[in-house]
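**Student:** Enclosed is the structure file input.txt (compact mmCIF, C-alpha atoms).
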```
# COMPACT_ATOMS: atom_id res chain seq x y z
CA MET I 73 91.99 207.97 104.37
CA ASP I 74 90.32 204.57 104.39
CA LYS I 75 88.93 205.18 100.92
CA VAL I 76 92.37 206.23 99.69
CA PHE I 77 93.97 203.04 101.04
CA GLN I 78 91.16 200.93 99.56
CA ASN I 79 91.70 202.57 96.17
CA ILE I 80 95.44 201.92 96.39
CA LYS I 81 94.85 198.26 97.30
CA GLY I 82 92.34 197.91 94.47
CA LYS I 83 94.81 199.33 91.95
CA GLN I 84 97.53 196.98 93.24
CA LYS I 85 95.24 193.97 92.83
CA MET I 86 94.37 195.00 89.27
CA ARG I 87 98.07 195.49 88.51
CA ASN I 88 98.90 192.03 89.89
CA ILE I 89 96.11 190.47 87.81
CA LYS I 90 97.37 192.17 84.64
CA GLU I 91 100.97 191.12 85.34
CA ASN I 92 100.00 187.48 85.97
CA ILE I 93 97.19 187.13 83.43
CA GLU I 94 99.22 184.60 81.39
CA LEU I 95 99.70 182.39 84.44
CA TYR I 96 96.00 182.56 85.23
CA LEU I 97 95.15 181.54 81.67
CA ILE I 98 97.55 178.59 81.89
CA MET I 99 95.89 177.47 85.14
CA LEU I 100 92.36 177.90 83.78
CA PRO I 101 92.09 174.56 81.86
CA VAL I 102 93.35 172.66 84.91
CA LEU I 103 90.89 174.42 87.21
CA ILE I 104 88.04 173.72 84.79
CA HIS I 105 89.07 170.04 84.63
CA ILE I 106 89.18 169.80 88.44
CA PHE I 107 85.79 171.49 88.76
CA ILE I 108 84.09 169.26 86.18
CA PHE I 109 85.54 165.89 87.15
CA LEU I 110 86.14 166.34 90.90
CA TYR I 111 83.67 168.85 92.28
CA ILE I 112 80.54 168.37 90.17
CA PRO I 113 80.45 164.58 90.83
CA MET I 114 80.42 165.31 94.58
CA TYR I 115 76.74 166.12 94.06
CA GLY I 116 76.17 162.37 93.82
CA ILE I 117 77.24 161.84 97.43
CA VAL I 118 73.62 162.40 98.46
CA ILE I 119 72.65 158.93 97.20
CA GLY I 120 74.66 157.48 100.08
CA PHE I 121 71.92 158.70 102.40
CA GLN I 122 69.00 157.22 100.46
CA ASN I 123 67.85 154.05 98.74
CA TYR I 124 68.69 155.16 95.24
CA LEU I 125 67.36 153.42 92.16
CA PRO I 126 68.86 154.07 88.71
CA GLY I 127 66.81 156.68 86.89
CA SER I 128 65.47 158.26 90.06
CA PRO I 129 66.25 161.91 90.88
CA PHE I 130 69.03 162.59 93.36
CA ILE I 131 66.98 165.12 95.28
CA ALA I 132 63.20 165.36 95.34
CA PHE I 133 60.63 166.32 97.95
CA ASP I 134 57.59 164.62 96.44
CA GLY I 135 58.16 161.31 98.21
CA SER I 136 59.93 159.63 95.28
CA VAL I 137 63.25 159.61 97.16
CA GLU I 138 63.59 157.37 100.22
CA TRP I 139 66.04 158.96 102.66
CA VAL I 140 67.70 156.52 105.09
CA GLY I 141 70.30 158.70 106.81
CA LEU I 142 73.33 156.74 108.08
CA ARG I 143 71.70 153.33 107.72
CA HIS I 144 74.14 152.10 105.04
CA ILE I 145 77.20 153.12 107.04
CA ILE I 146 75.88 151.48 110.20
CA TYR I 147 75.09 148.32 108.25
CA PHE I 148 78.63 148.23 106.84
CA VAL I 149 80.27 148.73 110.25
CA LYS I 150 78.16 145.92 111.74
CA SER I 151 78.64 143.56 108.80
CA ILE I 152 80.86 140.47 109.00
CA TYR I 153 83.06 141.88 106.23
CA PHE I 154 84.03 145.11 108.00
CA THR I 155 86.87 143.73 110.14
CA ARG I 156 88.38 141.71 107.31
CA ILE I 157 88.16 144.46 104.71
CA LEU I 158 89.46 147.22 106.96
CA GLY I 159 92.21 144.98 108.35
CA ASN I 160 93.40 143.93 104.88
CA THR I 161 93.37 147.51 103.61
CA VAL I 162 95.34 148.88 106.55
CA PHE I 163 97.78 145.95 106.56
CA LEU I 164 98.57 146.17 102.84
CA SER I 165 98.93 149.96 102.96
CA LEU I 166 101.11 149.88 106.07
CA GLN I 167 103.31 147.18 104.58
CA LEU I 168 103.74 149.22 101.42
CA LEU I 169 104.46 152.33 103.49
CA VAL I 170 107.06 150.58 105.65
CA PHE I 171 108.86 148.73 102.88
CA GLY I 172 108.28 151.09 99.97
CA PHE I 173 108.38 154.67 101.27
CA TRP I 174 112.14 154.76 101.79
CA VAL I 175 113.02 153.05 98.47
CA PRO I 176 112.76 156.15 96.17
CA ILE I 177 114.58 158.25 98.81
CA THR I 178 117.51 155.83 98.96
CA PHE I 179 117.50 155.30 95.21
CA SER I 180 117.55 159.03 94.43
CA ILE I 181 120.43 159.66 96.86
CA LEU I 182 122.48 156.78 95.45
CA LEU I 183 121.64 157.74 91.87
CA ASN I 184 122.83 161.28 92.55
CA GLU I 185 126.24 159.90 93.60
CA LEU I 186 126.86 158.20 90.26
CA LYS I 187 129.65 159.94 88.38
CA ASN I 188 129.21 158.24 85.01
CA GLY I 189 126.58 160.44 83.34
CA PHE I 190 125.72 157.93 80.58
CA PHE I 191 125.20 155.05 83.00
CA LYS I 192 123.24 157.34 85.32
CA LYS I 193 120.81 158.26 82.54
CA ILE I 194 120.31 154.60 81.59
CA VAL I 195 119.55 153.62 85.20
CA GLN I 196 117.27 156.62 85.66
CA THR I 197 115.32 155.92 82.48
CA GLY I 198 115.03 152.23 83.28
CA SER I 199 113.60 152.98 86.71
CA TYR I 200 110.93 155.27 85.19
CA LEU I 201 109.69 152.79 82.58
CA PRO I 202 107.47 150.62 84.85
CA HIS I 203 105.38 153.70 85.65
CA PHE I 204 104.26 153.89 82.01
CA ILE I 205 103.27 150.23 81.81
CA SER I 206 99.52 149.71 82.05
CA THR I 207 98.29 148.13 85.28
CA VAL I 208 96.54 145.49 83.18
CA VAL I 209 99.86 144.54 81.58
CA VAL I 210 101.62 144.56 84.95
CA ALA I 211 98.96 142.26 86.40
CA GLY I 212 99.34 139.91 83.43
CA MET I 213 103.12 139.87 83.92
CA VAL I 214 102.76 139.09 87.63
CA ILE I 215 100.30 136.26 87.01
CA SER I 216 102.58 134.83 84.34
CA PHE I 217 105.65 135.00 86.61
CA ILE I 218 104.04 133.43 89.71
CA SER I 219 101.88 130.78 88.03
CA THR I 220 102.72 127.11 88.57
CA ASP I 221 104.55 127.08 85.23
CA GLY I 222 105.97 130.57 85.64
CA ILE I 223 109.55 131.77 85.90
CA LEU I 224 109.49 131.97 89.69
CA ASN I 225 108.41 128.36 90.18
CA LYS I 226 110.91 127.18 87.58
CA LEU I 227 113.65 128.94 89.52
CA ILE I 228 112.46 127.36 92.78
CA VAL I 229 112.52 123.89 91.21
CA PHE I 230 115.95 124.57 89.72
CA LEU I 231 117.27 125.42 93.20
CA GLY I 232 115.88 122.18 94.60
CA GLY I 233 112.55 123.39 96.00
CA GLU I 234 108.97 122.47 95.27
CA LYS I 235 106.46 124.37 93.21
CA LYS I 236 104.18 126.74 95.09
CA ASP I 237 100.71 127.82 94.01
CA PHE I 238 101.10 131.54 94.67
CA LEU I 239 97.82 132.39 92.94
CA VAL I 240 95.61 130.56 95.43
CA ASP I 241 97.62 130.73 98.67
CA PRO I 242 96.57 133.88 100.61
CA LYS I 243 99.75 134.10 102.69
CA TYR I 244 101.83 135.08 99.63
CA PHE I 245 99.53 137.83 98.40
CA PRO I 246 100.72 140.72 100.66
CA SER I 247 104.33 140.21 99.53
CA ILE I 248 103.35 139.97 95.86
CA TYR I 249 101.23 143.11 96.13
CA THR I 250 103.94 145.10 97.94
CA MET I 251 106.80 144.13 95.64
CA THR I 252 104.74 144.80 92.51
CA ASN I 253 103.74 148.28 93.69
CA ILE I 254 107.28 149.17 94.71
CA TRP I 255 108.67 148.05 91.36
CA LYS I 256 106.06 150.02 89.43
CA THR I 257 106.19 153.29 91.40
CA PHE I 258 109.59 153.83 93.01
CA GLY I 259 111.33 155.10 89.86
CA TRP I 260 108.69 157.73 89.15
CA SER I 261 108.71 158.86 92.79
CA THR I 262 112.43 159.62 92.58
CA ILE I 263 111.75 162.52 90.18
CA LEU I 264 110.68 164.81 93.01
CA TYR I 265 113.66 163.86 95.17
CA LEU I 266 116.16 164.24 92.33
CA SER I 267 114.79 167.68 91.46
CA HIS I 268 115.16 168.70 95.10
CA ILE I 269 118.70 167.33 95.22
CA ALA I 270 119.58 169.32 92.10
CA ALA I 271 118.56 172.51 93.95
CA ILE I 272 120.96 171.90 96.86
CA ASN I 273 123.71 174.52 97.07
CA PRO I 274 126.98 172.88 95.85
CA ASN I 275 128.87 174.98 98.39
CA LEU I 276 127.41 172.79 101.14
CA TYR I 277 129.10 169.74 99.63
CA GLU I 278 132.36 171.62 99.18
CA ALA I 279 132.31 172.83 102.77
CA ALA I 280 131.60 169.31 104.04
CA LYS I 281 134.40 167.93 101.88
CA ILE I 282 136.86 170.50 103.24
CA ASP I 283 135.83 169.53 106.77
CA GLY I 284 136.84 165.94 106.00
CA ALA I 285 133.43 164.43 105.29
CA ASN I 286 133.54 161.40 103.03
CA ARG I 287 130.85 160.54 100.47
CA PHE I 288 128.65 158.73 102.99
CA HIS I 289 128.85 161.63 105.44
CA ARG I 290 127.90 164.10 102.72
CA MET I 291 124.87 161.99 101.81
CA TRP I 292 123.84 161.65 105.47
CA TYR I 293 124.49 165.20 106.69
CA VAL I 294 123.86 167.28 103.54
CA THR I 295 121.66 165.46 101.02
CA LEU I 296 119.25 163.71 103.37
CA PRO I 297 118.50 166.76 105.61
CA SER I 298 117.86 168.81 102.46
CA LEU I 299 115.24 166.27 101.37
CA LEU I 300 113.30 166.40 104.65
CA PRO I 301 110.69 168.94 103.42
CA SER I 302 109.80 166.70 100.46
CA ILE I 303 109.89 163.59 102.65
CA ASP I 304 107.51 165.19 105.14
CA MET I 305 105.06 166.23 102.42
CA LEU I 306 104.98 162.80 100.78
CA PHE I 307 104.69 161.10 104.16
CA ILE I 308 101.63 163.20 104.99
CA PHE I 309 100.00 162.21 101.71
CA ALA I 310 100.96 158.56 102.25
CA VAL I 311 99.33 158.48 105.68
CA GLY I 312 96.30 160.36 104.35
CA GLY I 313 95.87 157.72 101.66
CA LEU I 314 96.33 154.79 104.01
CA LEU I 315 92.93 153.35 103.09
CA ASN I 316 93.45 153.85 99.35
CA SER I 317 95.07 150.61 98.30
CA ASN I 318 95.76 149.86 94.64
CA SER I 319 92.36 148.28 94.04
CA GLN I 320 92.80 148.09 90.29
CA LEU I 321 95.88 145.89 90.59
CA ILE I 322 94.22 143.73 93.24
CA LEU I 323 91.10 143.21 91.11
CA LEU I 324 93.27 142.00 88.24
CA ILE I 325 95.34 139.61 90.35
CA TYR I 326 93.12 138.19 93.04
CA ASN I 327 90.43 135.52 93.05
CA PRO I 328 87.95 134.22 95.67
CA ALA I 329 90.66 131.99 97.16
CA LEU I 330 92.63 135.12 98.12
CA TYR I 331 89.77 137.11 99.66
CA LYS I 332 91.08 136.36 103.15
CA LYS I 333 94.14 138.57 102.55
CA ALA I 334 93.34 140.45 99.34
CA ASP I 335 89.81 141.77 99.80
CA VAL I 336 90.12 145.51 100.49
CA ILE I 337 87.74 148.46 100.55
CA GLY I 338 88.16 149.19 96.85
CA THR I 339 87.41 145.63 95.74
CA PHE I 340 84.46 145.40 98.14
CA LEU I 341 83.02 148.63 96.76
CA TYR I 342 83.40 147.30 93.21
CA ARG I 343 81.63 144.02 94.01
CA SER I 344 78.83 145.50 96.09
CA GLY I 345 78.41 148.98 94.60
CA ILE I 346 79.04 148.48 90.88
CA ALA I 347 78.79 144.77 90.11
CA GLY I 348 76.08 144.24 92.73
CA GLY I 349 74.09 147.36 91.82
CA GLN I 350 74.00 148.65 95.41
CA PHE I 351 74.87 152.21 94.45
CA SER I 352 73.70 153.86 97.66
CA TYR I 353 75.49 151.34 99.82
CA GLY I 354 78.74 151.68 97.87
CA THR I 355 78.57 155.48 97.96
CA ALA I 356 77.99 155.52 101.71
CA VAL I 357 80.92 153.18 102.38
CA GLY I 358 83.19 155.20 100.11
CA LEU I 359 82.20 158.44 101.85
CA PHE I 360 82.79 156.86 105.27
CA MET I 361 86.32 155.78 104.29
CA THR I 362 87.04 159.19 102.76
CA ILE I 363 86.22 160.83 106.07
CA ILE I 364 88.63 158.45 107.82
CA ASN I 365 91.32 159.25 105.24
CA PHE I 366 90.84 162.97 105.81
CA THR I 367 91.15 162.44 109.56
CA LEU I 368 94.42 160.56 109.05
CA LEU I 369 95.66 163.31 106.72
CA TYR I 370 94.81 166.02 109.23
CA SER I 371 96.46 164.08 112.07
CA ALA I 372 99.65 163.41 110.09
CA ASN I 373 99.83 167.08 109.12
CA ALA I 374 99.41 168.17 112.76
CA ILE I 375 102.12 165.78 113.96
CA THR I 376 104.51 166.86 111.20
CA ARG I 377 103.86 170.52 111.94
CA LYS I 378 104.77 170.00 115.60
CA ARG I 379 107.92 168.07 114.73
CA SER I 380 109.06 170.48 112.05
CA GLU I 381 107.79 173.44 110.05
CA ASN I 382 107.07 171.29 106.99
CA ALA I 383 103.33 170.89 106.78
CA LEU I 384 100.51 171.35 104.26
CA TRP I 385 98.83 174.00 106.38
```
Could I get this file's structure written as structure tokens?
**Tutor:**
Amino acid sequence: MDKVFQNIKGKQKMRNIKENIELYLIMLPVLIHIFIFLYIPMYGIVIGFQNYLPGSPFIAFDGSVEWVGLRHIIYFVKSIYFTRILGNTVFLSLQLLVFGFWVPITFSILLNELKNGFFKKIVQTGSYLPHFISTVVVAGMVISFISTDGILNKLIVFLGGEKKDFLVDPKYFPSIYTMTNIWKTFGWSTILYLSHIAAINPNLYEAAKIDGANRFHRMWYVTLPSLLPSIDMLFIFAVGGLLNSNSQLILLIYNPALYKKADVIGTFLYRSGIAGGQFSYGTAVGLFMTIINFTLLYSANAITRKRSENALW
């Protein structure tokens, strides 16, 4: 009997493969891309546990590779830069999470309430456009706007204030960084929420309307609860990426005068690992922060799973 059941299961698996062969073929290029560019490079993690020199083999047992274990990670944790770098990274990410996470949610709900289809499309398209602007261009725009002769300072002078040197005063950098990231990303993030809103059963709105619910009540008691699964998923990813600040934007905007507030893990890795040629040190620090990110991701997923059934696993 066991052999009969195994044969039946085997035939069912073959039938499922034949029925979904087109889907598997569509997925194949993506899986190949992920394997080549995400999994194969993980082989290079080993240099974080050795004193690697360019041109040397990654793994060798003839004495040509100097293994140092966790020395680089311990050195980073004990360094004078650790507190500043970790503090800046967490602060900037938390500020962006607090002030930016709810923006696409609110925007998508309000955009869904617009009745004028033409105006709705214009607003929707306009909110998407910043996503397609290169980070280099965005950084150039920001520097131009906040420079001493920029639009922002001209507006301040026009209103009776004094010019401020935003580019060298560290206290302004967190706000500049947060507002720039929100402006660039919130429109694109609304796509997921709008697609989820479009899948809500219209009968729920009709029932709420019959019960006397006004537009605000329908948004609060119908639309928002329906978005909770998507909100939970994106929140988990946001917490899991808490140490992944937008290093590219920071590198293009900041200068040594802003290191006090702008120097984050990504910029430190660039200076020490790439520009400084300390490849082993940079790899070890990056691996250490990745482990912390995974721990945050796992914790956020566990908390979300206890609070609701919406979790990654």
**Student:** Applying 12 Å and only C-alpha atoms, which residues near Val175 of chain I remain after dropping the ones on its own chain fewer than 4 positions away? List them as a ChimeraX atom specification.
**Tutor:** /I:168-171,179-183,199,251,253-262,265,303
**Student:** Enter the distance from atom CA of Leu314 of chain I to atom CA of Tyr115 of chain I, in Å, rounded to one decimal.
**Tutor:**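 Here the two named atoms are 24.7 Å from each other.
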**Student:** Closest to Asp304 of chain I among I:Arg290, I:Lys243, I:Lys235, I:Arg377, using only C-alpha atoms?
**Tutor:**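 Result for the nearest residue to Asp304 of chain I: I:Arg377.
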**Student:** Between atom CA of Ala334 of chain I and atom CA of Gln350 of chain I, what is the distance in Å, rounded to a tenth?
**Tutor:**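 One can read the atom CA of Ala334 of chain I to atom CA of Gln350 of chain I distance as 21.4 Å.
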**Student:** Please measure the separation of atom CA of Lys378 of chain I and atom CA of Val311 of chain I, giving the value in Å to one decimal.
**Tutor:**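 So the answer is 16.1 Å.
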**Student:** Check the smallest atom-to-atom distance from each of I:Lys236, I:His203, I:Lys85, I:His268 to Leu299 of chain I using only C-alpha atoms, then report the winner.
**Tutor:**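 The shortest atom-to-atom distance to Leu299 of chain I comes from I:His268.
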**Student:** Go through I:Phe148, I:Tyr326, I:Tyr331, I:Tyr96 and flag the residue nearest Asn160 of chain I, using all atoms listed in the file for the distances.
**Tutor:**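 Counting all atoms listed in the file, the residue closest to Asn160 of chain I is I:Tyr331.
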**Student:** Go ahead and find all residues with at least one atom no further than 12 Å from (98.1, 155.8, 105.5) in the file's coordinates, using all atoms listed in the file; report them as a short mmCIF file (atom, residue, chain, number, x, y, z; two decimals) with C-alpha atoms, keeping the file's coordinate frame.
**Tutor:**
```cif
data_model
loop_
_atom_site.label_atom_id
_atom_site.label_comp_id
_atom_site.auth_asym_id
_atom_site.auth_seq_id
_atom_site.Cartn_x
_atom_site.Cartn_y
_atom_site.Cartn_z
CA THR I 161 93.37 147.51 103.61
CA VAL I 162 95.34 148.88 106.55
CA PHE I 163 97.78 145.95 106.56
CA LEU I 164 98.57 146.17 102.84
CA SER I 165 98.93 149.96 102.96
CA LEU I 166 101.11 149.88 106.07
CA GLN I 167 103.31 147.18 104.58
CA LEU I 168 103.74 149.22 101.42
CA LEU I 169 104.46 152.33 103.49
CA VAL I 170 107.06 150.58 105.65
CA PHE I 173 108.38 154.67 101.27
CA LEU I 306 104.98 162.80 100.78
CA PHE I 307 104.69 161.10 104.16
CA ILE I 308 101.63 163.20 104.99
CA PHE I 309 100.00 162.21 101.71
CA ALA I 310 100.96 158.56 102.25
CA VAL I 311 99.33 158.48 105.68
CA GLY I 312 96.30 160.36 104.35
CA GLY I 313 95.87 157.72 101.66
CA LEU I 314 96.33 154.79 104.01
CA LEU I 315 92.93 153.35 103.09
CA ASN I 316 93.45 153.85 99.35
CA SER I 317 95.07 150.61 98.30
CA MET I 361 86.32 155.78 104.29
CA THR I 362 87.04 159.19 102.76
CA ILE I 364 88.63 158.45 107.82
CA ASN I 365 91.32 159.25 105.24
CA PHE I 366 90.84 162.97 105.81
CA THR I 367 91.15 162.44 109.56
CA LEU I 368 94.42 160.56 109.05
CA LEU I 369 95.66 163.31 106.72
CA TYR I 370 94.81 166.02 109.23
CA SER I 371 96.46 164.08 112.07
CA ALA I 372 99.65 163.41 110.09
CA ASN I 373 99.83 167.08 109.12
#
```
**Student:** Give the answer as one residue: which of I:Ile146, I:Asp283, I:Ala356, I:Thr376 has the shortest atom-to-atom distance to Gln122 of chain I, using all atoms listed in the file?
**Tutor:**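 So, comparing all the options, the nearest one is I:Ala356.
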**Student:** So which one's closest to Phe245 of chain I, I:Ile119, I:Ala383, I:Ile322, I:Ile375? Using all atoms listed in the file, please.
**Tutor:**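 Under the stated criterion, the closest residue is I:Ile322.
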**Student:** Which residues come within 12 Å of segment 131-135 of chain I, counting all atoms listed in the file, excluding same-chain residues fewer than 6 positions away, as a list in words?
**Tutor:**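 Once the adjacent positions are removed, what remains is Tyr115, Gly116, Ile117, Val118, Ile119, Gly120, Phe121, Gln122, Asn123 and Tyr124 of chain I.
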**Student:** Save out the residues we just selected, C-alpha atoms, as a PDB file, in the coordinates of the input.
**Tutor:**
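Written output follows (selection01.pdb):
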```
ATOM      1  CA  TYR I 115      76.740 166.120  94.060  1.00  0.00           C
ATOM      2  CA  GLY I 116      76.170 162.370  93.820  1.00  0.00           C
ATOM      3  CA  ILE I 117      77.240 161.840  97.430  1.00  0.00           C
ATOM      4  CA  VAL I 118      73.620 162.400  98.460  1.00  0.00           C
ATOM      5  CA  ILE I 119      72.650 158.930  97.200  1.00  0.00           C
ATOM      6  CA  GLY I 120      74.660 157.480 100.080  1.00  0.00           C
ATOM      7  CA  PHE I 121      71.920 158.700 102.400  1.00  0.00           C
ATOM      8  CA  GLN I 122      69.000 157.220 100.460  1.00  0.00           C
ATOM      9  CA  ASN I 123      67.850 154.050  98.740  1.00  0.00           C
ATOM     10  CA  TYR I 124      68.690 155.160  95.240  1.00  0.00           C
TER      11      TYR I 124
END
```
**Student:** Pick out the residues sitting within 9 Å of Leu341 of chain I, and hand them over as a ChimeraX atom specification; count all atoms listed in the file, and ignore anything fewer than 3 positions along from it in its own chain.
**Tutor:** /I:336-338,344-347,353-355,357-358
**Student:** Between I:Ser298, I:Met291, I:Pro126, I:Ile363, which one has atoms that come closest to Ala271 of chain I, using all atoms listed in the file?
**Tutor:**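 Ranking I:Ser298, I:Met291, I:Pro126, I:Ile363 by distance to Ala271 of chain I, first place goes to I:Ser298.
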**Student:** Need the axis-aligned box for segment 302-321 of chain I with 3 Å each side, so what are the centre and edges in Å to one decimal, as JSON?
**Tutor:**
```
{"center_x": 101.1, "center_y": 156.3, "center_z": 98.0, "size_x": 23.5, "size_y": 26.8, "size_z": 21.4}
```
